[in-house]
Amino acid sequence: MTEAPRKILVTAALPYANGHIHIGHMVEHVQTDIWVRFQKLRGHQCVFVWADDTHGSAIMKSARKAGISEETFIQGMSDAHEKDFAGFGIEYDHYSSTHSETNRQLSTEIWSAFQEKDLVAVRKVAELFDADTGESLPDRFVKGRCPKCDAADQYGDNCDKCGATYSATDLVDPISTISEKPPVSGETDHYFLQIEQLHDFLEEWTQSGQHLQDEVANYLKGHFLGEPLRDWDVSRPKPYFGFEIPGTAGEHFWYVWFDAPIGYIASTKEWCEKNGEDFDSWWRSEETEIHHFLGKDIQYFHCLFWPAMLKTAGFNLPTRVHIHGFLTVGGEKMSKTKGTFIKASTYLNHLQPEYLRYYYAAKLGPKLDDLDLNLEDFVTKVNAELVGKVVNLASRSAKFVQQTGLSASYPDDDGLFAQGAEQGDKIAAAYENCDYARAIRLILELADRANPFVENAAPWNLRKDESKAQELQDVCTIAMNLFRQIVIYLTPVLPTLTEQVAELMNDPILHWDQSKTPLTGTPINKFKHLAKRIDEKDVTKMIEESKTEAAEEAATEGPLVGHEYGDSEQPMLDKPLTEECTIEDFVKVDLRIARVVAAEHVPEARKLLKLTLSLGGEHRRQVFAGIKAAYEPESLVGRKVVMVANLKPRKMKFGLSEGMVCAAGAGGEEIFLLSPDDGALPGQRVT
RNA sequence: GGGCCGGUAGCUCAGUUGGUUAGAGCAGGGGACUCAUAAUCCCUUUGUCGCGGGUUCGAGUCCUGCCCGGCCUACCA
């Protein structure tokens, strides 16, 4: 029952470039990947595009904290994201960034459409700015005492302690979390999209029952569509990391949520250009289905603003928006202190990606319910179902046919294989509806039928009687085919297992319909373990590592540690960190304690002093140092400094310089030599 | 306070348009097998289907009130 090939475009929510991927994100990524792999396996043209979401205040802040440019920051994060996805077998067709030229162009195009339809309004908005950087401060970037209960250290939107909500301008003794100084209030122009003009369209689109889950449609109706839609503020004043709004002379930028979803289109466009595809056939064609996967936290963006944008600019509307719930671990929100805030990379240090893919699949339904990762359940399910029932089928029958291969024709199996083939339609329907939990249940039923078959046929007994060689081969041909059928059904979830089985049975698995025809006459390769059981210790180790990571993070970037000293961030801004180096790189530089034993002016030099440094004993070095403006020679004699002792000597106009002394400072008169604490001796190495 | 979702065996859940004695897996108990990754197979215990009303010949399934849990939201998008 093969359908006509469909043309399907799929997206997952764009990961924000402000942090690493964790196992909560993976729920969505696995959900999406399974759906995409399923569609491809069914023979449809299915393309999965996505990108990093890279703009906004949070990115600026993080980049600054890291002492690097935003561009460098988002590139590094994007690389890390892609690595995590690869580790989990997420097979997208194109990964882009919202900070791309294509996205800028498309954002401009959509913006123009709003302008042409006269749907953009400009109004003054009161807001707070950082005193140093002049940045507009989102509520979460302002802290102060709650105006209601006086609790300290509260964000500008609501109070953790008493639950009061207010605006950032109401905070008592507010400070900017950027400069730690009181913010400055002011007023700037903001650009708004008047989406109320599209109210009727949105009402119809969201309530049609075609595109959204019922809960979502109800939510939108109850919260937004029951009254006039407020104008949507899509601009932020400079400085802002994002795209400048055309015609605003660099004063205004699009709010990150304006250009983020446009990244779906931009990524598609890039993919089209790379693959010689016609862009309009994907985003301006009735033939194409568009499916978005995302979490319930961002549903209103995707179900109100986004359709409004697409409608206005004349793009395809989403065929279906698939919204999922959040991940809990052990019934609770992920917690850093409990070690359940597990990064994707941390998981991969300890466990196989397919285990989590399987577990998520076994628990994912089409609703918005939260998914709970119960670690005991996780171990049990994977070991009992995946390894004990499914994989065990192969490991108990493959080796009996290793010599002979599969029978030339498929033997009578009392309709077992045919039943499995029939079940395939139900399984496919479950996948199609994102009811993976149901799909897995249906698949396990097949395994629960196959194991008793092997039990009753008892190939281990047939083996003992040479006259039953044919029967033995037949029994194993059946067992291996039942196994393979199950594996085909699990392919969207467990792509690696499928590859292993294809190799074992010498027949590639490329299409769902291969589950309808038994494989015969092929050789069977030597059996190798297809999946290890989970060792609970690995789970424990993973939790421990997560705890350690969280503790380290808290130590290095504790919220306001050190802020009482009032150290400015300027030096880091002036000279961002250079690229990371290894300890091997570092030890190449031999830093030593040295004592200044002589110092004199170099008459012809504008900046240099000539120093004679002692490394103890008879070890002397002559060094020309550019510190003339800051130090008198006589004040230096006798003091200890830090020098680069293995620097290649350099011939200068005034003589040979045999090293460098270490100093910091802005330059000119502001140069400060490093000195060791008392006790460090000349000649000792700095490590 | 409002909205949504859920409350079925110790645990995780399934129960399709209301229809006979309410099911599965795991865990527990007993047995078998020994090919397999202490896997597998057979047998087996356990339920006031959250509580109270109502509709119906008949309700886990529909209506209603309440209790409990989760998520969202509280004039913010």
# chains A, B, ... in the order shown; residues from 1 in each chain; ligands from 1

$ interface_residues --of "chain A" --to "chain B" --cutoff "6 Å" --atoms "only C-alpha atoms (C1' of nucleotides)" --output "PyMOL selection string"
chain A and resi 388+395-396+460

$ residues_around --residues "Thr328 (chain A)" --least-positions-apart "5" --cutoff "8 Å" --atoms "only C-alpha atoms (C1' of nucleotides)" --output "MDAnalysis selection string"
chainID A and resid 24 333:334 370:373

$ select_by_dssp --residues "region 252-387 of chain A" --states "helix (DSSP H, G or I)" --output "compact mmCIF listing (two decimals) with N, CA, C and O atoms, in the first residue's frame"
# COMPACT_ATOMS: atom_id res chain seq x y z
N VAL A 256 15.24 39.32 17.53
CA VAL A 256 15.66 37.97 17.15
C VAL A 256 14.50 37.09 16.69
O VAL A 256 14.64 36.30 15.76
N TRP A 257 13.34 37.26 17.31
CA TRP A 257 12.22 36.40 16.94
C TRP A 257 11.60 36.75 15.59
O TRP A 257 10.76 36.03 15.08
N PHE A 258 12.00 37.90 15.03
CA PHE A 258 11.52 38.19 13.68
C PHE A 258 12.30 37.36 12.66
O PHE A 258 11.73 36.67 11.83
N ASP A 259 13.61 37.40 12.76
CA ASP A 259 14.38 36.72 11.72
C ASP A 259 14.63 35.24 12.02
O ASP A 259 15.02 34.48 11.12
N ALA A 260 14.39 34.81 13.25
CA ALA A 260 14.66 33.40 13.57
C ALA A 260 13.85 32.42 12.70
O ALA A 260 14.43 31.58 12.02
N PRO A 261 12.53 32.52 12.69
CA PRO A 261 11.79 31.54 11.88
C PRO A 261 12.07 31.69 10.38
O PRO A 261 11.96 30.71 9.64
N ILE A 262 12.42 32.89 9.99
CA ILE A 262 12.74 33.08 8.57
C ILE A 262 13.95 32.21 8.21
O ILE A 262 14.15 31.83 7.06
N GLY A 263 14.72 31.87 9.24
CA GLY A 263 15.83 30.94 9.04
C GLY A 263 15.39 29.62 8.43
O GLY A 263 16.16 28.97 7.73
N TYR A 264 14.14 29.21 8.68
CA TYR A 264 13.65 27.97 8.05
C TYR A 264 13.69 28.13 6.53
O TYR A 264 14.10 27.23 5.80
N ILE A 265 13.23 29.30 6.10
CA ILE A 265 13.17 29.53 4.65
C ILE A 265 14.58 29.71 4.09
O ILE A 265 14.92 29.15 3.05
N ALA A 266 15.38 30.46 4.83
CA ALA A 266 16.74 30.73 4.34
C ALA A 266 17.52 29.44 4.21
O ALA A 266 18.25 29.22 3.23
N SER A 267 17.35 28.58 5.20
CA SER A 267 18.08 27.32 5.16
C SER A 267 17.61 26.48 3.96
O SER A 267 18.42 25.85 3.28
N THR A 268 16.31 26.52 3.71
CA THR A 268 15.79 25.79 2.55
C THR A 268 16.41 26.33 1.26
O THR A 268 16.81 25.59 0.37
N LYS A 269 16.47 27.65 1.21
CA LYS A 269 16.99 28.29 0.01
C LYS A 269 18.45 27.88 -0.23
O LYS A 269 18.84 27.55 -1.35
N GLU A 270 19.21 27.88 0.83
CA GLU A 270 20.61 27.48 0.68
C GLU A 270 20.70 26.02 0.23
O GLU A 270 21.53 25.66 -0.60
N TRP A 271 19.83 25.21 0.80
CA TRP A 271 19.83 23.80 0.41
C TRP A 271 19.48 23.66 -1.07
O TRP A 271 20.08 22.90 -1.81
N CYS A 272 18.50 24.45 -1.51
CA CYS A 272 18.09 24.42 -2.93
C CYS A 272 19.26 24.80 -3.83
O CYS A 272 19.51 24.15 -4.84
N GLU A 273 19.95 25.86 -3.44
CA GLU A 273 21.06 26.32 -4.27
C GLU A 273 22.16 25.26 -4.34
O GLU A 273 22.76 25.03 -5.39
N LYS A 274 22.36 24.60 -3.24
CA LYS A 274 23.40 23.57 -3.18
C LYS A 274 23.03 22.35 -4.02
O LYS A 274 23.89 21.66 -4.55
N ASN A 275 21.73 22.09 -4.11
CA ASN A 275 21.29 20.85 -4.74
C ASN A 275 20.54 21.04 -6.05
O ASN A 275 19.88 20.11 -6.54
N ASP A 280 11.08 27.98 -5.26
CA ASP A 280 9.65 28.25 -5.22
C ASP A 280 8.82 26.97 -5.09
O ASP A 280 7.71 26.98 -4.56
N SER A 281 9.36 25.87 -5.60
CA SER A 281 8.59 24.63 -5.51
C SER A 281 8.53 24.12 -4.07
O SER A 281 7.76 23.22 -3.75
N TRP A 282 9.35 24.71 -3.21
CA TRP A 282 9.31 24.29 -1.80
C TRP A 282 8.52 25.25 -0.92
O TRP A 282 7.85 24.83 0.02
N TRP A 283 8.61 26.52 -1.20
CA TRP A 283 7.93 27.47 -0.31
C TRP A 283 6.79 28.24 -0.98
O TRP A 283 6.13 29.06 -0.35
N LYS A 296 6.44 23.33 23.32
CA LYS A 296 5.24 24.11 23.64
C LYS A 296 5.56 25.52 24.13
O LYS A 296 4.68 26.37 24.14
N ASP A 297 6.81 25.77 24.50
CA ASP A 297 7.16 27.10 24.97
C ASP A 297 7.12 28.15 23.87
O ASP A 297 7.00 29.34 24.15
N ILE A 298 7.25 27.71 22.65
CA ILE A 298 7.31 28.71 21.57
C ILE A 298 6.15 28.54 20.58
O ILE A 298 6.25 28.91 19.42
N GLN A 299 5.05 27.99 21.08
CA GLN A 299 3.95 27.74 20.17
C GLN A 299 3.31 29.00 19.61
O GLN A 299 2.93 29.03 18.45
N TYR A 300 3.20 30.05 20.44
CA TYR A 300 2.50 31.22 19.89
C TYR A 300 3.28 31.89 18.77
O TYR A 300 2.70 32.44 17.84
N PHE A 301 4.60 31.83 18.87
CA PHE A 301 5.39 32.39 17.77
C PHE A 301 5.09 31.66 16.47
O PHE A 301 4.93 32.27 15.42
N HIS A 302 5.02 30.35 16.57
CA HIS A 302 4.86 29.54 15.36
C HIS A 302 3.42 29.40 14.89
O HIS A 302 3.19 28.98 13.77
N CYS A 303 2.49 29.70 15.77
CA CYS A 303 1.10 29.50 15.39
C CYS A 303 0.36 30.80 15.16
O CYS A 303 -0.77 30.80 14.69
N LEU A 304 0.98 31.91 15.53
CA LEU A 304 0.34 33.21 15.28
C LEU A 304 1.23 34.09 14.40
O LEU A 304 0.90 34.40 13.27
N PHE A 305 2.37 34.49 14.96
CA PHE A 305 3.22 35.42 14.22
C PHE A 305 3.74 34.83 12.92
O PHE A 305 3.75 35.49 11.89
N TRP A 306 4.16 33.60 13.03
CA TRP A 306 4.79 32.97 11.85
C TRP A 306 3.79 32.80 10.71
O TRP A 306 4.09 33.24 9.59
N PRO A 307 2.62 32.24 10.94
CA PRO A 307 1.66 32.18 9.83
C PRO A 307 1.32 33.58 9.31
O PRO A 307 1.13 33.76 8.10
N ALA A 308 1.27 34.55 10.22
CA ALA A 308 0.97 35.91 9.77
C ALA A 308 2.05 36.42 8.83
O ALA A 308 1.77 37.07 7.82
N MET A 309 3.29 36.12 9.17
CA MET A 309 4.41 36.55 8.33
C MET A 309 4.35 35.86 6.96
O MET A 309 4.52 36.49 5.92
N LEU A 310 4.13 34.57 7.00
CA LEU A 310 4.11 33.80 5.75
C LEU A 310 2.96 34.25 4.85
O LEU A 310 3.13 34.42 3.64
N LYS A 311 1.83 34.45 5.48
CA LYS A 311 0.64 34.86 4.73
C LYS A 311 0.90 36.21 4.06
O LYS A 311 0.62 36.41 2.87
N THR A 312 1.43 37.12 4.84
CA THR A 312 1.65 38.47 4.33
C THR A 312 2.64 38.49 3.16
O THR A 312 2.47 39.22 2.19
N ALA A 313 3.67 37.64 3.28
CA ALA A 313 4.70 37.66 2.25
C ALA A 313 4.44 36.66 1.14
O ALA A 313 5.23 36.54 0.20
N ALA A 344 24.13 16.83 25.84
CA ALA A 344 24.21 15.78 24.82
C ALA A 344 25.60 15.16 24.82
O ALA A 344 25.76 13.93 24.77
N SER A 345 26.60 16.01 24.91
CA SER A 345 27.97 15.49 24.83
C SER A 345 28.30 14.64 26.06
O SER A 345 29.03 13.65 25.96
N THR A 346 27.75 15.01 27.20
CA THR A 346 27.99 14.22 28.41
C THR A 346 27.35 12.84 28.28
O THR A 346 27.95 11.82 28.62
N TYR A 347 26.13 12.83 27.78
CA TYR A 347 25.45 11.54 27.56
C TYR A 347 26.32 10.65 26.68
O TYR A 347 26.56 9.49 26.98
N LEU A 348 26.80 11.25 25.60
CA LEU A 348 27.56 10.45 24.62
C LEU A 348 28.89 9.95 25.18
O LEU A 348 29.44 8.97 24.67
N ASN A 349 29.37 10.59 26.24
CA ASN A 349 30.59 10.09 26.86
C ASN A 349 30.38 8.74 27.53
O ASN A 349 31.33 8.03 27.83
N HIS A 350 29.12 8.43 27.82
CA HIS A 350 28.86 7.24 28.63
C HIS A 350 27.96 6.20 27.99
O HIS A 350 28.05 5.02 28.29
N PRO A 353 23.92 6.44 21.70
CA PRO A 353 22.81 7.31 21.30
C PRO A 353 21.53 6.53 21.03
O PRO A 353 20.44 7.02 21.29
N GLU A 354 21.67 5.33 20.51
CA GLU A 354 20.46 4.59 20.12
C GLU A 354 19.59 4.24 21.33
O GLU A 354 18.38 4.07 21.20
N TYR A 355 20.19 4.12 22.49
CA TYR A 355 19.39 3.82 23.68
C TYR A 355 18.40 4.95 23.95
O TYR A 355 17.23 4.71 24.24
N LEU A 356 18.91 6.15 23.88
CA LEU A 356 18.04 7.28 24.19
C LEU A 356 17.01 7.48 23.07
O LEU A 356 15.86 7.79 23.33
N ARG A 357 17.45 7.29 21.86
CA ARG A 357 16.51 7.37 20.73
C ARG A 357 15.38 6.38 20.94
O ARG A 357 14.20 6.69 20.74
N TYR A 358 15.73 5.17 21.33
CA TYR A 358 14.71 4.14 21.54
C TYR A 358 13.78 4.52 22.68
O TYR A 358 12.56 4.44 22.57
N TYR A 359 14.37 4.97 23.77
CA TYR A 359 13.56 5.29 24.94
C TYR A 359 12.60 6.44 24.64
O TYR A 359 11.42 6.38 24.98
N TYR A 360 13.11 7.47 24.01
CA TYR A 360 12.24 8.59 23.66
C TYR A 360 11.12 8.12 22.74
O TYR A 360 9.96 8.49 22.90
N ALA A 361 11.49 7.33 21.75
CA ALA A 361 10.48 6.84 20.82
C ALA A 361 9.41 6.07 21.57
O ALA A 361 8.21 6.24 21.33
N ALA A 362 9.84 5.23 22.52
CA ALA A 362 8.89 4.41 23.25
C ALA A 362 7.94 5.24 24.10
O ALA A 362 6.90 4.76 24.52
N LYS A 363 8.30 6.49 24.35
CA LYS A 363 7.45 7.30 25.22
C LYS A 363 6.83 8.52 24.54
O LYS A 363 6.08 9.25 25.15
N LEU A 375 15.30 6.97 34.94
CA LEU A 375 16.55 6.29 34.60
C LEU A 375 16.51 4.78 34.83
O LEU A 375 17.10 4.02 34.07
N GLU A 376 15.78 4.35 35.83
CA GLU A 376 15.65 2.90 36.03
C GLU A 376 14.85 2.29 34.89
O GLU A 376 15.19 1.24 34.36
N ASP A 377 13.77 2.97 34.57
CA ASP A 377 12.90 2.52 33.49
C ASP A 377 13.69 2.47 32.17
O ASP A 377 13.53 1.55 31.36
N PHE A 378 14.52 3.46 32.01
CA PHE A 378 15.37 3.55 30.82
C PHE A 378 16.24 2.29 30.68
O PHE A 378 16.26 1.65 29.62
N VAL A 379 16.90 1.94 31.75
CA VAL A 379 17.77 0.77 31.71
C VAL A 379 16.95 -0.50 31.46
O VAL A 379 17.29 -1.32 30.60
N THR A 380 15.85 -0.62 32.18
CA THR A 380 15.01 -1.82 32.04
C THR A 380 14.47 -1.96 30.63
O THR A 380 14.51 -3.03 30.03
N LYS A 381 13.93 -0.87 30.12
CA LYS A 381 13.29 -0.90 28.81
C LYS A 381 14.28 -1.29 27.72
O LYS A 381 14.00 -2.15 26.89
N VAL A 382 15.41 -0.63 27.75
CA VAL A 382 16.39 -0.90 26.70
C VAL A 382 16.88 -2.34 26.82
O VAL A 382 16.95 -3.07 25.82
N ASN A 383 17.19 -2.76 28.03
CA ASN A 383 17.74 -4.10 28.19
C ASN A 383 16.71 -5.18 27.91
O ASN A 383 17.01 -6.17 27.24
N ALA A 384 15.49 -4.98 28.41
CA ALA A 384 14.48 -6.02 28.26
C ALA A 384 13.91 -6.05 26.84
O ALA A 384 13.77 -7.12 26.24
N GLU A 385 13.60 -4.89 26.33
CA GLU A 385 12.91 -4.85 25.04
C GLU A 385 13.88 -4.90 23.86
O GLU A 385 13.80 -5.78 23.01
N LEU A 386 14.76 -3.94 23.86
CA LEU A 386 15.64 -3.82 22.70
C LEU A 386 16.64 -4.97 22.62
O LEU A 386 16.80 -5.62 21.59
N VAL A 387 17.31 -5.22 23.72
CA VAL A 387 18.34 -6.26 23.70
C VAL A 387 17.74 -7.65 23.92
O VAL A 387 17.95 -8.56 23.14

$ select_by_dssp --residues "region 22-167 of chain A" --states "strand (DSSP E)" --output "list in words"
Gln45, Cys46, Val47, Phe48, Val49, Trp50, Ala51, Asp52, His94, Tyr95, Ser96, Ser97, Val120, Ala121, Val122, Arg123, Lys124, Val125, Ala126, Glu127, Leu128, Phe129, Val142, Lys143, Gly144, Arg145, Gln154 and Tyr155 of chain A

$ write_last_selection --atoms "C-alpha atoms" --output "compact mmCIF listing (two decimals), in the first residue's frame"
# COMPACT_ATOMS: atom_id res chain seq x y z
CA GLN A 45 11.09 13.30 -0.92
CA CYS A 46 11.62 14.64 2.53
CA VAL A 47 14.06 17.41 3.35
CA PHE A 48 15.04 18.38 6.87
CA VAL A 49 16.52 21.87 7.13
CA TRP A 50 17.40 23.87 10.14
CA ALA A 51 19.94 26.29 11.57
CA ASP A 52 21.34 27.91 14.65
CA HIS A 94 21.20 21.33 5.64
CA TYR A 95 22.31 23.27 8.69
CA SER A 96 22.56 27.02 8.43
CA SER A 97 22.66 30.05 10.66
CA VAL A 120 4.10 48.42 10.21
CA ALA A 121 3.62 51.00 12.94
CA VAL A 122 6.26 53.05 14.72
CA ARG A 123 5.81 54.05 18.34
CA LYS A 124 7.93 55.29 21.21
CA VAL A 125 8.62 52.78 23.94
CA ALA A 126 10.06 53.52 27.35
CA GLU A 127 12.91 51.26 28.27
CA LEU A 128 16.12 50.90 30.23
CA PHE A 129 19.60 51.12 28.85
CA VAL A 142 17.99 44.12 34.97
CA LYS A 143 18.15 43.07 38.60
CA GLY A 144 17.08 44.80 41.74
CA ARG A 145 14.85 44.55 44.78
CA GLN A 154 15.21 39.82 41.43
CA TYR A 155 14.88 40.07 37.68

$ closest_residue --among "A:Val661, A:Ala554, A:Ala625, A:Ala458" --to "Val641 (chain A)" --atoms "only C-alpha atoms"
A:Val661

$ residues_around --residues "Thr491 (chain A)" --least-positions-apart "2" --cutoff "12 Å" --atoms "only C-alpha atoms (C1' of nucleotides)" --output "PyMOL selection string"
chain A and resi 33-42+89+354+357-358+361+428+431+439-440+443+484-489+493-502+508-512+514-515

$ atom_distance --atom1 "C1' of C51 (chain B)" --atom2 "C1' of G10 (chain B)"
22.1 Å

$ residues_around --residues "region 463-466 of chain A" --least-positions-apart "2" --cutoff "12 Å" --atoms "only C-alpha atoms (C1' of nucleotides)" --output "VMD selection string"
(chain A and resid 397 399 to 401 457 to 461 468 to 476) or (chain B and resid 35)
